[in-house]
>>> print(open('structure.txt').read())   # compact mmCIF, C-alpha atoms
# COMPACT_ATOMS: atom_id res chain seq x y z
CA MET D 1 126.78 86.00 91.87
CA ASP D 2 123.26 84.60 92.29
CA ASP D 3 120.34 86.28 90.52
CA THR D 4 117.83 84.11 92.39
CA LEU D 5 118.37 85.72 95.80
CA ALA D 6 115.07 87.42 96.63
CA GLU D 7 116.65 89.19 99.60
CA ALA D 8 119.22 90.89 97.34
CA HIS D 9 116.61 92.11 94.87
CA ASP D 10 114.48 93.39 97.76
CA ALA D 11 117.41 95.25 99.32
CA LEU D 12 118.40 96.78 95.98
CA ALA D 13 114.82 97.91 95.37
CA THR D 14 114.70 99.62 98.75
CA VAL D 15 117.90 101.57 98.05
CA MET D 16 116.63 102.57 94.60
CA GLN D 17 113.39 103.79 96.14
CA ASN D 18 114.50 105.43 99.40
CA TYR D 19 117.77 106.99 98.27
CA ASP D 20 117.76 107.27 94.48
CA TYR D 21 114.00 107.93 94.15
CA ASN D 22 114.12 105.62 91.15
CA TRP D 23 110.59 104.26 91.54
CA GLY D 24 110.42 102.47 88.19
CA GLU D 25 113.56 100.40 88.70
CA ALA D 26 112.62 99.79 92.33
CA GLU D 27 109.28 98.32 91.30
CA GLN D 28 111.00 95.97 88.86
CA GLU D 29 113.36 94.75 91.59
CA TYR D 30 110.52 94.18 94.06
CA LYS D 31 108.66 92.21 91.41
CA ARG D 32 111.80 90.20 90.69
CA ALA D 33 112.21 89.40 94.39
CA ILE D 34 108.64 88.10 94.53
CA GLN D 35 109.05 86.20 91.27
CA VAL D 36 112.08 84.26 92.45
CA ASN D 37 110.53 83.56 95.87
CA PRO D 38 106.76 84.12 96.07
CA ASN D 39 106.80 83.16 99.75
CA TYR D 40 109.37 85.80 100.74
CA THR D 41 106.75 87.90 102.51
CA VAL D 42 109.14 90.71 103.45
CA ALA D 43 109.44 91.59 99.76
CA ARG D 44 105.68 91.49 99.41
CA LEU D 45 105.32 93.91 102.33
CA HIS D 46 107.98 96.24 100.95
CA TYR D 47 106.33 96.15 97.53
CA ALA D 48 102.94 96.87 99.10
CA MET D 49 104.39 99.90 100.86
CA HIS D 50 106.02 100.99 97.60
CA LEU D 51 102.65 100.86 95.85
CA GLY D 52 100.99 102.76 98.68
CA TRP D 53 103.55 105.57 98.63
CA LEU D 54 102.92 105.97 94.90
CA GLY D 55 99.22 106.40 95.68
CA ARG D 56 98.25 103.01 94.23
CA LEU D 57 96.47 102.19 97.44
CA GLU D 58 94.08 99.43 96.39
CA GLU D 59 96.98 97.56 94.79
CA ALA D 60 98.96 98.11 97.99
CA ILE D 61 96.20 96.70 100.17
CA ASN D 62 95.82 93.65 97.95
CA GLU D 63 99.57 92.97 97.98
CA ALA D 64 99.71 93.35 101.77
CA ILE D 65 96.78 90.95 102.16
CA GLU D 66 98.55 88.45 99.90
CA GLY D 67 101.65 88.65 102.08
CA GLN D 68 99.58 88.28 105.25
CA ASN D 69 97.77 85.26 103.83
CA ARG D 70 101.12 83.57 103.21
CA ASP D 71 102.23 84.18 106.81
CA PRO D 72 99.05 84.81 108.83
CA MET D 73 100.68 84.55 112.25
CA SER D 74 103.38 87.10 111.49
CA GLY D 75 103.16 90.23 113.61
CA ILE D 76 105.07 92.30 111.06
CA MET D 77 102.88 91.21 108.13
CA ASN D 78 99.72 92.05 110.05
CA ALA D 79 101.26 95.35 111.15
CA GLY D 80 102.22 96.15 107.56
CA LEU D 81 98.66 95.73 106.38
CA ALA D 82 97.46 98.01 109.19
CA PHE D 83 100.03 100.65 108.24
CA ILE D 84 98.94 100.66 104.60
CA LEU D 85 95.29 100.91 105.69
CA SER D 86 96.16 104.04 107.67
CA GLU D 87 97.72 105.60 104.56
CA ALA D 88 94.63 104.62 102.56
CA ARG D 89 92.46 106.44 105.15
CA ARG D 90 90.66 103.18 105.97
CA TYR D 91 90.82 104.06 109.63
CA ASP D 92 88.23 101.70 111.13
CA TRP D 93 89.73 98.73 109.29
CA CYS D 94 93.21 99.94 110.30
CA ILE D 95 92.25 99.96 113.98
CA GLU D 96 90.76 96.47 113.77
CA GLN D 97 93.78 95.14 111.91
CA SER D 98 96.25 96.83 114.28
CA LEU D 99 94.64 95.26 117.33
CA THR D 100 94.91 91.86 115.64
CA ALA D 101 98.60 92.50 114.96
CA ILE D 102 99.18 93.53 118.59
CA ASP D 103 97.50 90.35 119.81
CA LEU D 104 99.90 88.35 117.66
CA ASP D 105 103.05 90.24 118.67
CA PRO D 106 102.87 93.36 120.86
CA SER D 107 106.61 93.98 120.47
CA VAL D 108 106.33 95.07 116.81
CA THR D 109 106.58 98.85 117.18
CA PHE D 110 105.58 99.37 113.56
CA THR D 111 102.03 98.34 114.49
CA TYR D 112 101.47 101.31 116.76
CA LEU D 113 102.35 103.88 114.12
CA GLY D 114 99.37 103.17 111.87
CA LEU D 115 97.07 102.60 114.84
CA ALA D 116 97.95 105.93 116.46
CA ALA D 117 97.53 107.75 113.16
CA ALA D 118 94.09 106.19 112.70
CA TYR D 119 93.05 107.18 116.21
CA GLU D 120 94.21 110.75 115.69
CA MET D 121 92.48 111.16 112.35
CA LYS D 122 89.25 109.88 113.92
CA GLY D 123 89.55 112.49 116.68
CA MET D 124 90.42 109.88 119.33
CA TYR D 125 93.31 111.97 120.63
CA TYR D 126 93.89 110.39 124.02
CA GLU D 127 93.89 106.92 122.47
CA ALA D 128 96.42 108.17 119.90
CA ILE D 129 98.76 109.52 122.58
CA ALA D 130 98.46 106.34 124.64
CA THR D 131 99.31 104.27 121.56
CA HIS D 132 102.43 106.31 120.81
CA GLU D 133 103.47 105.96 124.46
CA LYS D 134 102.95 102.20 124.28
CA SER D 135 105.24 102.05 121.25
CA LEU D 136 107.89 104.01 123.10
CA ALA D 137 107.59 101.58 126.02
CA VAL D 138 108.38 98.61 123.77
CA GLY D 139 111.27 100.29 121.96
CA GLY D 140 109.72 102.51 119.28
CA SER D 141 111.62 105.45 117.81
CA ALA D 142 111.65 108.30 120.33
CA ALA D 143 112.06 110.99 117.66
CA LEU D 144 109.28 109.59 115.50
CA HIS D 145 106.69 109.03 118.20
CA ALA D 146 107.55 112.22 120.09
CA ALA D 147 106.87 114.17 116.90
CA MET D 148 103.58 112.35 116.41
CA ILE D 149 102.53 113.06 120.00
CA ALA D 150 103.34 116.73 119.47
CA HIS D 151 101.15 116.71 116.35
CA VAL D 152 98.26 115.24 118.36
CA LEU D 153 98.71 117.88 121.07
CA ALA D 154 98.67 120.67 118.49
CA THR D 155 95.60 119.20 116.82
CA MET D 156 93.88 119.15 120.23
CA GLY D 157 94.73 122.82 120.64
CA ASP D 158 97.38 122.31 123.32
CA TYR D 159 99.92 124.43 121.48
CA ALA D 160 102.07 125.08 124.55
CA SER D 161 102.72 121.37 125.11
CA ALA D 162 103.25 120.80 121.38
CA ARG D 163 105.82 123.60 121.22
CA GLU D 164 107.55 122.26 124.32
CA ALA D 165 107.83 118.89 122.60
CA LEU D 166 109.16 120.61 119.48
CA ASP D 167 111.85 122.35 121.55
CA GLU D 168 112.87 118.99 123.00
CA LEU D 169 113.18 117.54 119.50
CA HIS D 170 115.40 120.43 118.47
CA GLU D 171 117.60 119.74 121.51
CA ILE D 172 117.82 116.07 120.53
CA SER D 173 118.85 117.10 117.00
CA LYS D 174 121.88 118.91 118.46
CA LYS D 175 123.18 115.67 119.93
CA ARG D 176 122.29 113.07 117.31
CA TYR D 177 120.70 112.69 113.92
CA LEU D 178 116.99 113.43 113.88
CA PRO D 179 115.03 113.22 110.62
CA ALA D 180 113.80 116.64 109.52
CA TRP D 181 110.67 114.75 108.44
CA SER D 182 109.76 114.46 112.14
CA LEU D 183 110.10 118.20 112.73
CA ALA D 184 107.96 118.88 109.66
CA ILE D 185 105.13 116.86 111.20
CA VAL D 186 105.15 119.00 114.34
CA TYR D 187 105.18 122.25 112.39
CA GLU D 188 102.30 120.99 110.25
CA GLY D 189 100.30 120.31 113.39
CA LEU D 190 101.04 123.80 114.66
CA GLY D 191 99.93 125.26 111.34
CA GLU D 192 103.38 126.75 110.67
CA ILE D 193 103.34 125.84 107.01
CA GLN D 194 106.55 127.50 105.85
CA SER D 195 108.57 125.97 108.69
CA ALA D 196 107.17 122.56 107.81
CA ILE D 197 108.08 123.05 104.15
CA GLN D 198 111.60 124.11 105.10
CA CYS D 199 112.03 120.96 107.17
CA LEU D 200 110.91 118.83 104.24
CA GLN D 201 113.39 120.67 102.03
CA THR D 202 116.11 119.78 104.55
CA ALA D 203 114.87 116.18 104.53
CA LEU D 204 115.20 116.19 100.74
CA GLU D 205 118.77 117.49 100.94
CA ASN D 206 119.60 114.84 103.58
CA ARG D 207 117.90 112.04 101.63
CA ASP D 208 115.74 111.20 104.67
CA ALA D 209 114.29 107.77 103.94
CA LEU D 210 110.92 108.73 105.44
CA LEU D 211 110.41 111.36 102.75
CA VAL D 212 109.03 108.67 100.44
CA THR D 213 105.82 108.70 102.50
CA ILE D 214 104.82 112.32 101.84
CA LYS D 215 102.30 111.71 99.05
CA VAL D 216 99.94 109.72 101.27
CA TRP D 217 100.90 110.24 104.91
CA PRO D 218 97.96 112.14 106.53
CA HIS D 219 100.10 114.36 108.76
CA PHE D 220 101.07 116.42 105.71
CA ASP D 221 97.55 117.20 104.53
CA LYS D 222 97.79 120.90 105.45
CA LEU D 223 100.76 121.26 103.10
CA ARG D 224 99.33 119.70 99.96
CA GLY D 225 98.11 122.95 98.43
CA GLU D 226 101.54 124.57 98.68
CA PRO D 227 103.55 124.80 95.42
CA ALA D 228 106.76 124.19 97.38
CA PHE D 229 105.34 120.95 98.79
CA ARG D 230 104.34 119.77 95.33
CA HIS D 231 107.85 120.61 94.10
CA ILE D 232 109.42 118.50 96.86
CA GLN D 233 107.05 115.64 96.07
CA GLN D 234 108.06 115.89 92.43
CA ARG D 235 111.76 115.89 93.37
CA VAL D 236 111.17 112.67 95.29
CA GLY D 237 109.77 111.22 92.08
CA LEU D 238 106.20 110.84 93.27
CA PRO D 239 103.29 111.64 90.95
CA GLY D 240 101.05 114.59 91.75
>>> encode(input="structure.txt", output="structure tokens")
Amino acid sequence: MDDTLAEAHDALATVMQNYDYNWGEAEQEYKRAIQVNPNYTVARLHYAMHLGWLGRLEEAINEAIEGQNRDPMSGIMNAGLAFILSEARRYDWCIEQSLTAIDLDPSVTFTYLGLAAAYEMKGMYYEAIATHEKSLAVGGSAALHAAMIAHVLATMGDYASAREALDELHEISKKRYLPAWSLAIVYEGLGEIQSAIQCLQTALENRDALLVTIKVWPHFDKLRGEPAFRHIQQRVGLPG
């Protein structure tokens, strides 16, 4: 009906990426969205995340910065840059950028995800837990942040608390949908590699949207040497 609607191209790209794992066509649609409206910063953020999940991290950072420059007071654009920096393992920059995003808009729960990951990977465990709890307080995903907190607890060596959190997540999954991706993160933290792989296999079967992050998300680092993990990554269409 109207090929110049950037929002439509962006939405189509996201479906192609998250559900069909058609990364090539998705990239073309993201580019088309930006072409028809260069100031549609949501498409720029989505394209930056797309590039990051493919492992093209410098390109992703540059695209996120371009989007932020076009809307510098946007909490979500600043949060998006911070998130990509966490995936790129640029943790100090991620923390600085996240705090800027929070100053602009503390209600953007997306901000806390990258910040907490950066804190955890730097060994700042209590700051990581506090950040996840802050996100929960402002409406962040309970399943997502609870899994992340459990991962921090396991990394700290508090396996009893991590397993208790895992049990709670399993109880939640009996009542409503819970991404298997979240359970995989907890099992990875506990060092239960095969259980984590099985959860990712379930996520693949369920077409969990979060599965597109597995190439670069740091909470899966213990799994990267496993042939089954590489097979799942390949099935998602991500390069090795």
>>> closest_residue(input="structure.txt", among="D:Lys174, D:Lys122, D:Arg90, D:Lys222", to="Gln194 of chain D", atoms="all atoms listed in the file")
D:Lys222
>>> closest_residue(input="structure.txt", among="D:Thr109, D:Gln234, D:Asn62, D:Thr155", to="Lys215 of chain D", atoms="all atoms listed in the file")
D:Gln234
>>> residues_around(input="structure.txt", residues="Leu51 of chain D", least_positions_apart="3", cutoff="12 Å", atoms="only C-alpha atoms", output="VMD selection string")
chain D and resid 17 23 to 24 26 to 28 30 to 31 44 to 48 54 to 64 84 87 to 88 212 to 213 215 to 216 238 to 239
>>> atom_distance(input="structure.txt", atom1="atom CA of Ser98 of chain D", atom2="atom CA of Leu183 of chain D")
25.5 Å
>>> residues_around(input="structure.txt", residues="Gln233 of chain D", least_positions_apart="4", cutoff="12 Å", atoms="all atoms listed in the file", output="mmCIF file with C-alpha atoms, keeping the file's coordinate frame")
data_model
loop_
_atom_site.group_PDB
_atom_site.id
_atom_site.type_symbol
_atom_site.label_atom_id
_atom_site.label_comp_id
_atom_site.auth_asym_id
_atom_site.auth_seq_id
_atom_site.Cartn_x
_atom_site.Cartn_y
_atom_site.Cartn_z
ATOM 1 C CA TYR D 21 114.000 107.930 94.150
ATOM 2 C CA TRP D 53 103.550 105.570 98.630
ATOM 3 C CA LEU D 54 102.920 105.970 94.900
ATOM 4 C CA ILE D 197 108.080 123.050 104.150
ATOM 5 C CA LEU D 200 110.910 118.830 104.240
ATOM 6 C CA GLN D 201 113.390 120.670 102.030
ATOM 7 C CA ALA D 203 114.870 116.180 104.530
ATOM 8 C CA LEU D 204 115.200 116.190 100.740
ATOM 9 C CA LEU D 211 110.410 111.360 102.750
ATOM 10 C CA VAL D 212 109.030 108.670 100.440
ATOM 11 C CA THR D 213 105.820 108.700 102.500
ATOM 12 C CA ILE D 214 104.820 112.320 101.840
ATOM 13 C CA LYS D 215 102.300 111.710 99.050
ATOM 14 C CA VAL D 216 99.940 109.720 101.270
ATOM 15 C CA PHE D 220 101.070 116.420 105.710
ATOM 16 C CA LEU D 223 100.760 121.260 103.100
ATOM 17 C CA ARG D 224 99.330 119.700 99.960
ATOM 18 C CA GLY D 225 98.110 122.950 98.430
ATOM 19 C CA GLU D 226 101.540 124.570 98.680
ATOM 20 C CA PRO D 227 103.550 124.800 95.420
ATOM 21 C CA ALA D 228 106.760 124.190 97.380
ATOM 22 C CA PHE D 229 105.340 120.950 98.790
ATOM 23 C CA GLY D 237 109.770 111.220 92.080
ATOM 24 C CA LEU D 238 106.200 110.840 93.270
ATOM 25 C CA PRO D 239 103.290 111.640 90.950
ATOM 26 C CA GLY D 240 101.050 114.590 91.750
#
>>> residues_near_point(input="structure.txt", point="(102.5, 100.2, 111.5)", cutoff="9 Å", atoms="all atoms listed in the file", output="ChimeraX atom specification")
/D:76,78-84,86,98,108-116
>>> atom_distance(input="structure.txt", atom1="atom CA of Asp92 of chain D", atom2="atom CA of Met124 of chain D")
11.8 Å
>>> closest_residue(input="structure.txt", among="D:Glu192, D:Asp167, D:Glu29, D:Glu120", to="Val15 of chain D", atoms="only C-alpha atoms")
D:Glu29
>>> atom_distance(input="structure.txt", atom1="atom CA of Ser195 of chain D", atom2="atom CA of His170 of chain D")
13.2 Å
>>> closest_residue(input="structure.txt", among="D:Lys134, D:His9, D:His151, D:Arg235", to="His219 of chain D", atoms="only C-alpha atoms")
D:His151
>>> closest_residue(input="structure.txt", among="D:Gly189, D:Ala43, D:Ile95, D:Pro72", to="Gly157 of chain D", atoms="all atoms listed in the file")
D:Gly189
>>> axis_aligned_box(input="structure.txt", around="segment 173-184 of chain D", padding_each_side="8 Å", output="AutoDock Vina command-line options")
--center_x 115.6 --center_y 115.8 --center_z 114.2 --size_x 31.2 --size_y 22.2 --size_z 27.5
>>> residues_near_point(input="structure.txt", point="(115.8, 115.7, 110.8)", cutoff="8 Å", atoms="all atoms listed in the file", output="PyMOL selection string")
chain D and resi 173+177-183+199+202-203+208
>>> build_atoms(input="structure.txt", residues="segment 19-50 of chain D", atoms="N, CA and C atoms", output="PDB file, keeping the file's coordinate frame")
ATOM      1  N   TYR D  19     116.639 106.080  98.435  1.00  0.00           N
ATOM      2  CA  TYR D  19     117.770 106.990  98.270  1.00  0.00           C
ATOM      3  C   TYR D  19     117.829 107.601  96.878  1.00  0.00           C
ATOM      4  N   ASP D  20     117.648 106.776  95.855  1.00  0.00           N
ATOM      5  CA  ASP D  20     117.760 107.270  94.480  1.00  0.00           C
ATOM      6  C   ASP D  20     116.447 107.841  93.947  1.00  0.00           C
ATOM      7  N   TYR D  21     115.337 107.529  94.621  1.00  0.00           N
ATOM      8  CA  TYR D  21     114.000 107.930  94.150  1.00  0.00           C
ATOM      9  C   TYR D  21     113.750 107.423  92.732  1.00  0.00           C
ATOM     10  N   ASN D  22     114.301 106.259  92.450  1.00  0.00           N
ATOM     11  CA  ASN D  22     114.120 105.620  91.150  1.00  0.00           C
ATOM     12  C   ASN D  22     112.980 104.598  91.305  1.00  0.00           C
ATOM     13  N   TRP D  23     111.755 105.084  91.232  1.00  0.00           N
ATOM     14  CA  TRP D  23     110.590 104.260  91.540  1.00  0.00           C
ATOM     15  C   TRP D  23     110.360 103.168  90.495  1.00  0.00           C
ATOM     16  N   GLY D  24     110.639 103.465  89.239  1.00  0.00           N
ATOM     17  CA  GLY D  24     110.420 102.470  88.190  1.00  0.00           C
ATOM     18  C   GLY D  24     111.318 101.265  88.345  1.00  0.00           C
ATOM     19  N   GLU D  25     112.626 101.503  88.533  1.00  0.00           N
ATOM     20  CA  GLU D  25     113.560 100.400  88.700  1.00  0.00           C
ATOM     21  C   GLU D  25     113.297  99.665  90.010  1.00  0.00           C
ATOM     22  N   ALA D  26     112.921 100.419  91.047  1.00  0.00           N
ATOM     23  CA  ALA D  26     112.620  99.790  92.330  1.00  0.00           C
ATOM     24  C   ALA D  26     111.459  98.807  92.191  1.00  0.00           C
ATOM     25  N   GLU D  27     110.429  99.218  91.474  1.00  0.00           N
ATOM     26  CA  GLU D  27     109.280  98.320  91.300  1.00  0.00           C
ATOM     27  C   GLU D  27     109.700  97.033  90.590  1.00  0.00           C
ATOM     28  N   GLN D  28     110.552  97.148  89.575  1.00  0.00           N
ATOM     29  CA  GLN D  28     111.000  95.970  88.860  1.00  0.00           C
ATOM     30  C   GLN D  28     111.780  95.017  89.776  1.00  0.00           C
ATOM     31  N   GLU D  29     112.590  95.589  90.667  1.00  0.00           N
ATOM     32  CA  GLU D  29     113.360  94.750  91.590  1.00  0.00           C
ATOM     33  C   GLU D  29     112.467  94.086  92.628  1.00  0.00           C
ATOM     34  N   TYR D  30     111.466  94.813  93.132  1.00  0.00           N
ATOM     35  CA  TYR D  30     110.520  94.180  94.060  1.00  0.00           C
ATOM     36  C   TYR D  30     109.785  93.031  93.379  1.00  0.00           C
ATOM     37  N   LYS D  31     109.347  93.265  92.147  1.00  0.00           N
ATOM     38  CA  LYS D  31     108.660  92.210  91.410  1.00  0.00           C
ATOM     39  C   LYS D  31     109.573  91.011  91.178  1.00  0.00           C
ATOM     40  N   ARG D  32     110.842  91.286  90.902  1.00  0.00           N
ATOM     41  CA  ARG D  32     111.800  90.200  90.690  1.00  0.00           C
ATOM     42  C   ARG D  32     111.991  89.404  91.972  1.00  0.00           C
ATOM     43  N   ALA D  33     112.064  90.082  93.092  1.00  0.00           N
ATOM     44  CA  ALA D  33     112.210  89.400  94.390  1.00  0.00           C
ATOM     45  C   ALA D  33     111.037  88.452  94.627  1.00  0.00           C
ATOM     46  N   ILE D  34     109.837  88.921  94.328  1.00  0.00           N
ATOM     47  CA  ILE D  34     108.640  88.100  94.530  1.00  0.00           C
ATOM     48  C   ILE D  34     108.592  86.961  93.522  1.00  0.00           C
ATOM     49  N   GLN D  35     109.051  87.234  92.317  1.00  0.00           N
ATOM     50  CA  GLN D  35     109.050  86.200  91.270  1.00  0.00           C
ATOM     51  C   GLN D  35     109.946  85.030  91.646  1.00  0.00           C
ATOM     52  N   VAL D  36     111.144  85.344  92.153  1.00  0.00           N
ATOM     53  CA  VAL D  36     112.080  84.260  92.450  1.00  0.00           C
ATOM     54  C   VAL D  36     111.728  83.545  93.753  1.00  0.00           C
ATOM     55  N   ASN D  37     110.980  84.207  94.635  1.00  0.00           N
ATOM     56  CA  ASN D  37     110.530  83.560  95.870  1.00  0.00           C
ATOM     57  C   ASN D  37     109.181  84.133  96.282  1.00  0.00           C
ATOM     58  N   PRO D  38     108.101  83.583  95.770  1.00  0.00           N
ATOM     59  CA  PRO D  38     106.760  84.120  96.070  1.00  0.00           C
ATOM     60  C   PRO D  38     106.408  84.089  97.550  1.00  0.00           C
ATOM     61  N   ASN D  39     107.095  83.256  98.319  1.00  0.00           N
ATOM     62  CA  ASN D  39     106.800  83.160  99.750  1.00  0.00           C
ATOM     63  C   ASN D  39     107.713  84.034 100.612  1.00  0.00           C
ATOM     64  N   TYR D  40     108.542  84.857  99.978  1.00  0.00           N
ATOM     65  CA  TYR D  40     109.370  85.800 100.740  1.00  0.00           C
ATOM     66  C   TYR D  40     108.479  87.008 101.065  1.00  0.00           C
ATOM     67  N   THR D  41     107.810  86.932 102.194  1.00  0.00           N
ATOM     68  CA  THR D  41     106.750  87.900 102.510  1.00  0.00           C
ATOM     69  C   THR D  41     107.300  89.298 102.805  1.00  0.00           C
ATOM     70  N   VAL D  42     108.546  89.392 103.217  1.00  0.00           N
ATOM     71  CA  VAL D  42     109.140  90.710 103.450  1.00  0.00           C
ATOM     72  C   VAL D  42     109.122  91.531 102.161  1.00  0.00           C
ATOM     73  N   ALA D  43     109.469  90.890 101.049  1.00  0.00           N
ATOM     74  CA  ALA D  43     109.440  91.590  99.760  1.00  0.00           C
ATOM     75  C   ALA D  43     108.024  91.997  99.392  1.00  0.00           C
ATOM     76  N   ARG D  44     107.075  91.138  99.693  1.00  0.00           N
ATOM     77  CA  ARG D  44     105.680  91.490  99.410  1.00  0.00           C
ATOM     78  C   ARG D  44     105.243  92.702 100.228  1.00  0.00           C
ATOM     79  N   LEU D  45     105.664  92.756 101.497  1.00  0.00           N
ATOM     80  CA  LEU D  45     105.320  93.910 102.330  1.00  0.00           C
ATOM     81  C   LEU D  45     105.988  95.170 101.801  1.00  0.00           C
ATOM     82  N   HIS D  46     107.269  95.067 101.474  1.00  0.00           N
ATOM     83  CA  HIS D  46     107.980  96.240 100.950  1.00  0.00           C
ATOM     84  C   HIS D  46     107.358  96.716  99.632  1.00  0.00           C
ATOM     85  N   TYR D  47     106.964  95.776  98.795  1.00  0.00           N
ATOM     86  CA  TYR D  47     106.330  96.150  97.530  1.00  0.00           C
ATOM     87  C   TYR D  47     104.968  96.790  97.779  1.00  0.00           C
ATOM     88  N   ALA D  48     104.225  96.273  98.749  1.00  0.00           N
ATOM     89  CA  ALA D  48     102.940  96.870  99.100  1.00  0.00           C
ATOM     90  C   ALA D  48     103.114  98.305  99.577  1.00  0.00           C
ATOM     91  N   MET D  49     104.126  98.544 100.387  1.00  0.00           N
ATOM     92  CA  MET D  49     104.390  99.900 100.860  1.00  0.00           C
ATOM     93  C   MET D  49     104.802 100.803  99.705  1.00  0.00           C
ATOM     94  N   HIS D  50     105.608 100.268  98.806  1.00  0.00           N
ATOM     95  CA  HIS D  50     106.020 100.990  97.600  1.00  0.00           C
ATOM     96  C   HIS D  50     104.791 101.451  96.807  1.00  0.00           C
TER      97      HIS D  50
END
